[in-house]
file final_1.txt (compact mmCIF, C-alpha atoms)
# COMPACT_ATOMS: atom_id res chain seq x y z
CA MET O 631 62.29 -24.48 65.22
CA LYS O 632 64.73 -27.14 66.25
CA ALA O 633 67.47 -25.49 64.23
CA LEU O 634 66.79 -22.14 65.90
CA TYR O 635 66.85 -23.71 69.31
CA GLU O 636 70.08 -25.58 68.69
CA GLN O 637 71.83 -22.50 67.34
CA ASN O 638 70.74 -20.59 70.38
CA GLN O 639 71.88 -23.30 72.74
CA SER O 640 75.37 -23.36 71.27
CA ASP O 641 75.58 -19.57 71.36
CA VAL O 642 74.53 -19.46 74.99
CA ASN O 643 77.23 -21.93 75.86
CA GLU O 644 79.80 -19.95 73.95
CA ALA O 645 78.74 -16.71 75.59
CA LYS O 646 79.05 -18.23 79.03
CA SER O 647 82.32 -20.04 78.53
CA SER O 648 84.37 -17.65 76.43
CA GLY O 649 82.74 -14.49 77.76
CA ARG O 650 81.36 -13.37 74.39
CA GLY O 651 78.67 -11.11 75.74
CA ASP O 652 78.03 -9.63 72.34
CA LEU O 653 76.16 -12.77 71.31
CA ILE O 654 73.28 -11.82 73.58
CA PRO O 655 71.29 -9.79 71.03
CA THR O 656 71.58 -12.69 68.60
CA ILE O 657 70.30 -15.10 71.22
CA LYS O 658 67.43 -12.75 72.00
CA PHE O 659 66.59 -12.50 68.29
CA ARG O 660 66.32 -16.27 67.91
CA HIS O 661 64.38 -16.58 71.14
CA CYS O 662 61.82 -14.06 69.89
CA SER O 663 61.40 -16.11 66.71
CA LEU O 664 60.83 -19.26 68.72
CA LEU O 665 58.22 -17.54 70.87
CA ARG O 666 56.50 -16.22 67.77
CA ASN O 667 56.34 -19.64 66.13
CA ARG O 668 54.91 -21.09 69.28
CA ARG O 669 52.31 -18.35 69.53
CA CYS O 670 51.15 -18.88 65.95
CA ALA O 671 50.88 -22.66 66.39
CA VAL O 672 48.97 -22.40 69.67
CA ALA O 673 46.60 -19.73 68.38
CA TYR O 674 45.83 -21.84 65.29
CA LEU O 675 45.08 -24.93 67.34
CA TYR O 676 42.95 -22.96 69.77
CA ASP O 677 40.94 -21.45 66.94
CA ARG O 678 40.33 -24.93 65.53
CA LEU O 679 39.09 -25.97 68.96
CA LEU O 680 36.64 -23.07 69.13
CA ARG O 681 35.28 -24.01 65.71
CA ILE O 682 34.91 -27.67 66.69
CA ARG O 683 32.97 -26.57 69.75
CA ALA O 684 30.71 -24.53 67.47
CA LEU O 685 30.20 -27.66 65.35
CA ARG O 686 28.61 -29.43 68.28
CA TRP O 687 26.02 -26.67 68.52
CA GLU O 688 25.40 -26.59 64.78
CA TYR O 689 25.34 -30.26 63.83
CA GLY O 690 24.42 -32.01 67.02
CA SER O 691 26.01 -35.05 68.56
CA VAL O 692 27.03 -36.94 65.43
CA LEU O 693 29.28 -35.15 62.98
CA PRO O 694 29.17 -35.87 59.25
CA SER O 695 31.99 -38.15 58.22
CA ALA O 696 33.50 -35.58 55.86
CA LEU O 697 34.10 -33.29 58.83
CA ARG O 698 35.41 -36.04 61.05
CA PHE O 699 37.98 -36.83 58.38
CA HIS O 700 39.60 -33.42 58.83
CA MET O 701 39.92 -33.65 62.60
CA SER O 702 42.92 -35.09 64.37
CA ALA O 703 42.58 -37.88 66.91
CA GLU O 704 43.10 -35.48 69.83
CA GLU O 705 40.46 -33.14 68.46
CA MET O 706 37.99 -36.04 68.15
CA ASP O 707 38.78 -37.00 71.72
CA TRP O 708 38.19 -33.44 72.91
CA PHE O 709 34.91 -33.31 71.00
CA ASN O 710 33.67 -36.51 72.60
CA ARG O 711 34.53 -35.27 76.06
CA TYR O 712 32.88 -31.91 75.41
CA LYS O 713 29.79 -33.70 74.12
CA LYS O 714 29.63 -35.82 77.27
CA SER O 715 30.05 -32.84 79.61
CA LEU O 716 27.36 -30.96 77.74
CA ALA O 717 24.98 -33.92 77.91
CA THR O 718 25.58 -34.34 81.64
CA TYR O 719 24.93 -30.65 82.15
CA MET O 720 21.71 -30.72 80.14
CA ARG O 721 20.49 -33.76 82.03
CA SER O 722 21.10 -32.11 85.34
CA LEU O 723 19.07 -29.02 84.55
CA GLY O 724 15.49 -30.21 84.44
CA GLY O 725 13.47 -32.55 86.65
CA ASP O 726 13.60 -36.16 85.53
CA GLU O 727 14.27 -35.96 81.81
CA GLY O 728 16.51 -32.94 81.82
CA PHE O 729 16.37 -29.85 79.65
CA SER O 730 17.63 -29.86 76.10
CA CYS O 731 18.92 -26.52 74.95
CA SER O 732 20.16 -25.35 71.61
CA SER O 733 22.46 -22.37 71.20
CA CYS O 734 20.03 -19.98 69.57
CA SER O 735 16.36 -20.63 69.54
CA HIS O 736 16.00 -20.23 65.80
CA HIS O 737 18.62 -22.74 64.68
CA ILE O 738 18.35 -26.51 64.82
CA GLY O 739 20.62 -29.04 63.14
CA TYR O 740 19.33 -31.80 60.95
CA GLU O 741 20.62 -35.30 61.35
CA THR O 742 22.47 -36.32 58.23
CA SER O 743 22.84 -40.00 59.09
CA LYS O 744 19.67 -42.05 59.08
CA LYS O 745 18.96 -41.89 62.80
CA PRO O 746 15.53 -40.47 63.43
CA ILE O 747 15.80 -41.15 67.17
CA TYR O 748 17.89 -38.13 68.08
CA ARG O 749 15.75 -35.70 66.14
CA SER O 750 12.47 -36.88 67.57
CA ALA O 751 13.91 -36.95 71.09
CA VAL O 752 14.96 -33.35 70.74
CA SER O 753 11.64 -32.24 69.28
CA LYS O 754 9.77 -34.18 71.97
CA ARG O 755 11.67 -32.34 74.65
CA LEU O 756 11.19 -29.00 72.95
CA ARG O 757 7.47 -29.61 72.76
CA ARG O 758 7.32 -30.35 76.46
CA ILE O 759 8.96 -27.07 77.38
CA MET Y 808 28.52 -21.36 62.56
CA SER Y 809 28.68 -17.63 63.08
CA GLU Y 810 26.35 -17.84 66.06
CA ALA Y 811 28.18 -20.53 67.97
CA TYR Y 812 31.79 -19.62 67.11
CA PHE Y 813 33.22 -17.02 69.48
CA ARG Y 814 36.66 -16.04 68.29
CA VAL Y 815 39.33 -14.56 70.54
CA GLU Y 816 39.07 -10.79 70.23
CA SER Y 817 41.88 -8.38 69.59
CA GLY Y 818 43.41 -6.75 72.65
CA ALA Y 819 45.57 -4.40 70.60
CA LEU Y 820 43.64 -1.30 71.57
CA GLY Y 821 44.21 -2.02 75.24
CA SER Y 822 47.51 -2.28 77.02
CA GLU Y 823 48.59 -5.64 75.58
CA GLU Y 824 47.73 -7.87 72.65
CA ASN Y 825 45.86 -11.09 73.31
CA PHE Y 826 48.22 -14.02 72.93
CA LEU Y 827 45.63 -16.21 71.21
CA SER Y 828 43.96 -13.58 69.06
CA LEU Y 829 44.48 -14.21 65.35
CA ASP Y 830 43.76 -10.56 64.60
CA ASP Y 831 46.57 -9.49 66.92
CA ILE Y 832 48.97 -11.96 65.33
CA LEU Y 833 48.24 -10.51 61.89
CA MET Y 834 48.55 -7.00 63.24
CA SER Y 835 51.89 -7.57 64.91
CA HIS Y 836 53.28 -8.91 61.65
CA GLU Y 837 53.38 -5.44 60.16
CA LYS Y 838 56.79 -3.85 59.84
CA LEU Y 839 58.28 -0.79 61.37
CA PRO Y 840 61.57 1.02 60.69
CA VAL Y 841 64.26 0.33 63.23
CA ARG Y 842 67.91 1.16 63.83
CA THR Y 843 70.33 -1.24 65.46
CA GLU Y 844 72.31 0.20 68.36
CA ILE Y 845 74.70 -2.69 68.66
CA SER Y 846 76.22 -5.12 66.22
CA MET Y 847 74.42 -8.45 66.04
CA PRO Y 848 76.70 -11.36 65.21
CA ARG Y 849 75.73 -14.27 62.97
CA LEU Y 850 72.41 -12.81 61.85
CA GLY Y 851 73.80 -11.49 58.61
CA ALA Y 852 72.36 -14.47 56.77
CA PHE Y 853 68.88 -13.02 57.12
CA PHE Y 854 69.78 -9.59 55.81
CA LEU Y 855 72.39 -10.39 53.18
CA ASP Y 856 72.74 -6.93 51.72
CA ARG Y 857 73.44 -5.43 55.14
CA SER Y 858 75.69 -7.96 56.74
CA GLY Y 859 79.33 -7.30 57.42
CA GLY Y 860 80.39 -10.41 55.57
CA ALA Y 861 82.21 -13.54 56.65
CA GLU Y 862 85.13 -11.79 58.38
CA THR Y 863 82.95 -10.15 60.98
CA ASP Y 864 81.22 -13.41 61.86
CA ASN Y 865 78.40 -12.59 59.44
CA ALA Y 866 77.21 -9.78 61.64
CA ILE Y 867 74.73 -7.00 61.16
CA PRO Y 868 76.76 -3.88 61.90
CA GLU Y 869 75.78 -1.21 64.38
CA GLY Y 870 73.64 1.61 63.08
CA THR Y 871 71.95 -0.39 60.33
CA LYS Y 872 68.46 0.63 59.36
CA LEU Y 873 66.11 -2.31 59.06
CA GLU Y 874 62.41 -2.96 58.77
CA LEU Y 875 61.36 -5.44 61.39
CA PRO Y 876 57.93 -6.81 62.21
CA LEU Y 877 56.32 -5.48 65.37
CA TRP Y 878 56.67 -8.72 67.31
CA LEU Y 879 60.41 -8.77 66.78
CA ALA Y 880 60.84 -5.08 67.54
CA LYS Y 881 58.86 -5.48 70.75
CA GLY Y 882 60.91 -8.48 71.82
CA LEU Y 883 64.25 -6.81 71.25
CA PHE Y 884 63.34 -3.41 72.62
CA ASP Y 885 64.08 -2.32 76.15
CA ASN Y 886 64.02 1.00 77.95
CA LYS Y 887 67.72 1.64 77.70
CA ARG Y 888 67.78 1.07 73.93
CA ARG Y 889 70.65 -1.34 74.13
CA ILE Y 890 69.77 -3.33 71.02
CA LEU Y 891 67.35 -1.28 68.94
CA SER Y 892 65.97 2.17 68.61
CA VAL Y 893 62.63 2.53 66.93
CA GLU Y 894 61.52 5.20 64.49
CA LEU Y 895 57.92 6.06 63.95
CA PRO Y 896 56.40 5.04 60.63
CA LYS Y 897 55.37 7.98 58.45
CA ILE Y 898 51.65 7.83 59.10
CA TYR Y 899 52.12 8.36 62.82
CA GLN Y 900 54.38 11.35 62.37
CA GLU Y 901 53.70 15.06 62.46
CA GLY Y 902 52.86 15.46 58.75
CA TRP Y 903 50.14 12.85 58.60
CA ARG Y 904 48.84 13.84 62.00
CA THR Y 905 47.93 17.27 60.65
CA VAL Y 906 46.22 15.63 57.67
CA PHE Y 907 44.10 13.56 60.02
CA SER Y 908 43.20 16.54 62.14
CA ALA Y 909 42.16 18.47 59.04
CA ASP Y 910 39.69 15.88 57.79
CA ALA Y 911 39.79 12.33 59.00
CA ASN Y 912 37.05 11.03 56.72
CA VAL Y 913 38.93 11.49 53.50
CA VAL Y 914 41.84 9.20 54.30
CA ASP Y 915 42.01 5.63 53.01
CA LEU Y 916 42.97 3.92 56.22
CA HIS Y 917 43.04 0.49 54.65
CA LYS Y 918 45.89 1.51 52.42
CA MET Y 919 47.77 3.16 55.27
CA GLY Y 920 48.36 -0.15 56.94
CA PRO Y 921 45.17 -2.12 57.49
CA HIS Y 922 45.68 -2.12 61.26
CA PHE Y 923 46.04 1.59 61.82
CA TYR Y 924 44.52 1.84 65.30
CA GLY Y 925 45.86 -1.43 66.68
CA PHE Y 926 49.38 -0.92 65.42
CA GLY Y 927 49.36 2.69 66.57
CA SER Y 928 48.23 1.70 70.04
CA GLN Y 929 50.99 -0.89 70.33
CA LEU Y 930 53.54 1.62 69.06
CA LEU Y 931 53.02 3.57 72.25
CA HIS Y 932 55.03 0.87 74.03
CA PHE Y 933 58.21 2.20 72.45
CA ASP Y 934 58.30 5.33 74.62
CA SER Y 935 58.65 7.88 71.88
CA PRO Y 936 58.55 11.51 73.02
CA GLU Y 937 55.62 12.00 70.65
CA ASN Y 938 53.45 9.40 72.41
CA ALA Y 939 50.94 11.90 73.76
CA ASP Y 940 50.43 13.41 70.32
CA ILE Y 941 50.12 10.02 68.68
CA SER Y 942 47.46 8.81 71.09
CA HIS Y 943 45.57 12.06 70.78
CA SER Y 944 45.69 11.83 67.00
CA LEU Y 945 44.48 8.21 67.00
CA LEU Y 946 41.54 9.10 69.17
CA GLN Y 947 40.55 12.17 67.20
CA THR Y 948 40.81 10.33 63.90
CA PHE Y 949 38.46 7.67 65.19
CA VAL Y 950 36.03 10.25 66.56
CA GLY Y 951 36.00 11.98 63.21
CA ARG Y 952 35.26 8.82 61.25
CA PHE Y 953 32.91 7.10 63.62
CA ARG Y 954 29.75 8.96 62.68
CA ARG Y 955 29.96 7.97 59.05
CA ILE Y 956 30.70 4.33 59.88
CA MET Y 957 27.75 4.09 62.22
CA ASP Y 958 25.36 5.74 59.76
CA SER Y 959 26.41 3.61 56.83
CA SER Y 960 26.34 0.34 58.77
CA GLN Y 961 22.84 1.02 60.11
CA ASN Y 962 21.35 2.01 56.79
CA ALA Y 963 22.79 -0.44 54.28
CA TYR Y 964 20.36 -3.35 54.34
CA ASN Y 965 20.74 -6.13 51.79
CA GLU Y 966 23.19 -4.17 49.65
CA ASP Y 967 26.68 -4.57 48.39
CA THR Y 968 28.75 -2.75 51.00
CA SER Y 969 32.18 -3.12 49.42
CA ALA Y 970 32.35 0.54 48.45
CA LEU Y 971 31.54 1.57 52.01
CA VAL Y 972 34.17 -0.57 53.71
CA ALA Y 973 36.96 -0.11 51.17
CA ARG Y 974 38.60 2.75 53.04
CA LEU Y 975 38.15 1.45 56.56
CA ASP Y 976 40.86 -0.19 58.58
CA GLU Y 977 40.36 -3.59 60.21
CA MET Y 978 39.02 -2.35 63.52
CA GLU Y 979 36.50 -0.10 61.76
CA ARG Y 980 35.44 -2.99 59.54
CA GLY Y 981 34.73 -5.07 62.63
CA LEU Y 982 32.59 -2.24 63.92
CA PHE Y 983 30.78 -2.00 60.60
CA GLN Y 984 30.04 -5.72 60.63
CA THR Y 985 28.67 -5.55 64.15
CA GLY Y 986 26.38 -2.76 63.04
CA GLN Y 987 25.23 -4.77 60.03
CA LYS Y 988 24.57 -7.80 62.18
CA GLY Y 989 22.49 -5.72 64.55
CA LEU Y 990 20.52 -4.34 61.62
CA ASN Y 991 19.92 -7.78 60.12
CA ASP Y 992 18.85 -9.25 63.44
CA PHE Y 993 16.43 -6.40 63.96
CA GLN Y 994 14.89 -6.85 60.50
CA CYS Y 995 14.65 -10.56 61.17
CA TRP Y 996 12.79 -9.88 64.41
CA GLU Y 997 10.49 -7.40 62.74
CA LYS Y 998 9.50 -9.99 60.17
CA GLY Y 999 8.73 -12.44 62.91
CA GLN Y 1000 11.49 -14.85 61.89
CA ALA Y 1001 13.15 -14.68 65.27
CA SER Y 1002 10.91 -17.24 66.92
CA GLN Y 1003 10.84 -19.72 64.03
CA LEU Y 1004 12.99 -22.80 63.99
CA THR Y 1005 15.10 -22.94 60.84
CA ALA Y 1006 17.87 -25.28 59.80
CA SER Y 1007 21.25 -23.69 60.29
CA ASN Y 1008 22.95 -22.34 57.17
CA LEU Y 1009 25.90 -24.65 57.53
CA VAL Y 1010 23.73 -27.74 57.58
CA GLN Y 1011 21.74 -26.65 54.56
CA ASN Y 1012 24.88 -25.98 52.55
CA TYR Y 1013 26.36 -29.29 53.57
CA ALA Y 1014 23.27 -31.15 52.37
CA LYS Y 1015 23.44 -29.32 49.04
CA ARG Y 1016 27.09 -30.16 48.59
CA LYS Y 1017 26.58 -33.80 49.35
CA PHE Y 1018 23.94 -34.02 46.65
CA THR Y 1019 26.36 -32.72 43.99
CA ASP Y 1020 28.98 -35.24 45.07
CA MET Y 1021 26.56 -38.07 44.46
CA GLU Y 1022 25.76 -36.80 41.01
CA ASP Y 1023 29.40 -36.96 39.95

call {"tool": "encode", "arguments": {"input": "final_1.txt", "output": "structure tokens"}}
result
Amino acid sequence: MKALYEQNQSDVNEAKSSGRGDLIPTIKFRHCSLLRNRRCAVAYLYDRLLRIRALRWEYGSVLPSALRFHMSAEEMDWFNRYKKSLATYMRSLGGDEGFSCSSCSHHIGYETSKKPIYRSAVSKRLRRI
Amino acid sequence: MSEAYFRVESGALGSEENFLSLDDILMSHEKLPVRTEISMPRLGAFFLDRSGGAETDNAIPEGTKLELPLWLAKGLFDNKRRILSVELPKIYQEGWRTVFSADANVVDLHKMGPHFYGFGSQLLHFDSPENADISHSLLQTFVGRFRRIMDSSQNAYNEDTSALVARLDEMERGLFQTGQKGLNDFQCWEKGQASQLTASNLVQNYAKRKFTDMED
């Protein structure tokens, strides 16, 4: 992308200074390619984000380490912040203990690390509802 | 994963594609025949057999016929046709339009360009004089094929559907899958599974995979 941009930059300068207006289609061509590359990159990253958000609903608060390995640092950061916002929201819904929701009533994630606390807390809340 | 993952939908059938939709990105990668109206300097490197050679600054001469992807054609096109003029691909022309109006169900739309409807809808941006006919033909083709898609998607439960979807284009396949999902959910509800808590598919598969890793 850098090469495209630099070629375009030099062509723009040449067009302006020596009045070569016929370079404009070329500049437009390269600009379209740059926009396309950017669109593909952004769409890919956004799709990854949507899938990571789905992971929170499938697996719960703690992700298996194999999955965490494939996420970048920024994605991990986003996941933690999303987790926190979600938890705050859930806490604010009910009376004192809050209301724990899962995305679809017939799916619940198992805890793959050996932490029974989370699972029993969720099932306790579900039983109270 | 399927329940919680909401992908960005295609906007191709509307007035503009969705920037973030992966389906639209794939669709706009398809090529269409194009004619240059003006010489384009220094781009000859991309189209070596067409370029004017080193003397003309490696240019693509005026009047060259190229096949460009939709995103590029859209970017370079403007109303006054200063850079490009666009020709319609064969399947949107008169000949094929009569085939579709004769019997739309027979045609293998997947072979004709897997994004027939989306691409056709975006083609309308290029202000061809045949636009009204093209849009009419797209609509009528869909109307003709819809009945069969709906019937087959609602009646194929727990079967191999590859024969049914082989001749559908991408948009129709999406429709078929929605129909199948509706059918499966309904059957699930009928069996009383809808109110049971079950482990999600992803988690079950992950647990199975982890077990095999330990065995190695």

call {"tool": "atom_distance", "arguments": {"input": "final_1.txt", "atom1": "CA of Leu675 in chain O", "atom2": "CA of Glu636 in chain O"}}
result
25.0 Å

call {"tool": "closest_residue", "arguments": {"input": "final_1.txt", "among": "Y:Lys998, Y:Lys897, Y:Lys881, Y:Lys988", "to": "Glu824 in chain Y", "atoms": "only C-alpha atoms"}}
result
Y:Lys881

call {"tool": "closest_residue", "arguments": {"input": "final_1.txt", "among": "Y:Glu874, Y:Glu837, Y:Asp885, Y:Glu810", "to": "chain O", "atoms": "all atoms listed in the file"}}
result
Y:Glu810

call {"tool": "closest_residue", "arguments": {"input": "final_1.txt", "among": "O:Met631, O:Arg668, O:Ile657, O:Ala684", "to": "chain Y", "atoms": "only C-alpha atoms"}}
result
O:Ala684
